[in-house]
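S.K.: Just dropping this structure here.
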Amino acid sequence: MTALRNALTPEEYEEQARNGKPEEARWSMLEQLLAGLTDAVRELQYITVVANSDGKGRKPTRPEPMRRPGVGAGVPKKREQLTDQHADFLFKMLNPDSAA
């Protein structure tokens with residue numbers, strides 16, 4: 001990787017630094033672990049701020065996890081709508097003794 005980085009022109013290197021996409025690169029285990037630790041520290045910082053606030057004012061936003069290779073941009077998957085038939089099935093499963 002160092003040889004590839006050293007082969008870049010200064011303009012290419014600056015463009016890569018500005019617009020690079022870490023989710024498209026390969027990471028070593030060390031980089032994966034470091035990203036996990038970074039996410040954990042940021043989450044603990046968020047929890048500490050929320051737990052020690054008096055509830056007045058603006059609530060901080062939950063930190064987003066660090067982007068990782070092979071992982072999408074966090075687009076939520078669309079879920080199937082719950083139909084009446086599904087609701088009845090779930091109700092009967094959870095309440096087998098009911099007369100409904």
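Chain labels A, B, ... are given in the sequence in which chains occur in the structure tokens; within each chain residues are numbered consecutively from 1, and ligands are likewise numbered from 1 in the order shown.
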Could you give me, as an mmCIF file with N, CA and C atoms, in the first residue's frame, the residues within 12 Å of range 56-59 of chain A, counting only C-alpha atoms and dropping anything in the same chain fewer than 5 positions from it?
M.R.:
```cif
data_model
loop_
_atom_site.group_PDB
_atom_site.id
_atom_site.type_symbol
_atom_site.label_atom_id
_atom_site.label_comp_id
_atom_site.auth_asym_id
_atom_site.auth_seq_id
_atom_site.Cartn_x
_atom_site.Cartn_y
_atom_site.Cartn_z
ATOM 1 N N TYR A 46 -21.100 9.950 24.198
ATOM 2 C CA TYR A 46 -22.486 10.357 23.986
ATOM 3 C C TYR A 46 -23.350 9.987 25.198
ATOM 4 N N ILE A 47 -23.198 8.754 25.680
ATOM 5 C CA ILE A 47 -23.992 8.292 26.832
ATOM 6 C C ILE A 47 -23.692 9.135 28.065
ATOM 7 N N VAL A 49 -22.638 12.270 28.193
ATOM 8 C CA VAL A 49 -23.224 13.605 28.039
ATOM 9 C C VAL A 49 -24.727 13.554 28.266
ATOM 10 N N VAL A 50 -25.400 12.561 27.702
ATOM 11 C CA VAL A 50 -26.854 12.454 27.862
ATOM 12 C C VAL A 50 -27.217 12.159 29.319
ATOM 13 N N ALA A 51 -26.470 11.274 29.980
ATOM 14 C CA ALA A 51 -26.782 10.896 31.357
ATOM 15 C C ALA A 51 -26.549 12.047 32.340
#
```
S.K.: Can you list, as an MDAnalysis selection string, all residues belonging to range 18-86 of chain A that DSSP tags as helix (DSSP H, G or I)?
M.R.: chainID A and resid 18:19 22:24 29:51 84:86
S.K.: In Å, how far is it from CA of Pro69 in chain A to CA of Ala40 in chain A?
M.R.: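 For CA of Pro69 in chain A relative to CA of Ala40 in chain A, the distance reads 18.1 Å.
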S.K.: What's the separation between CA of Thr48 in chain A and CA of Met66 in chain A, in Å to one decimal place?
M.R.: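 We find that CA of Thr48 in chain A and CA of Met66 in chain A lie 19.4 Å from each other.
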S.K.: Go through A:Thr38, A:Pro96, A:Gln85, A:Arg67 one by one, measure the shortest atom-to-atom distance of each to Gly20 in chain A using only C-alpha atoms, and give the residue with the smallest value.
M.R.: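 Looking at the shortest contact to Gly20 in chain A, the residue is A:Arg67.
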S.K.: What does the structure give for the distance between CA of Arg68 in chain A and CA of Leu37 in chain A, in Å to one decimal?
M.R.: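 Separating CA of Arg68 in chain A from CA of Leu37 in chain A is a distance of 13.0 Å.
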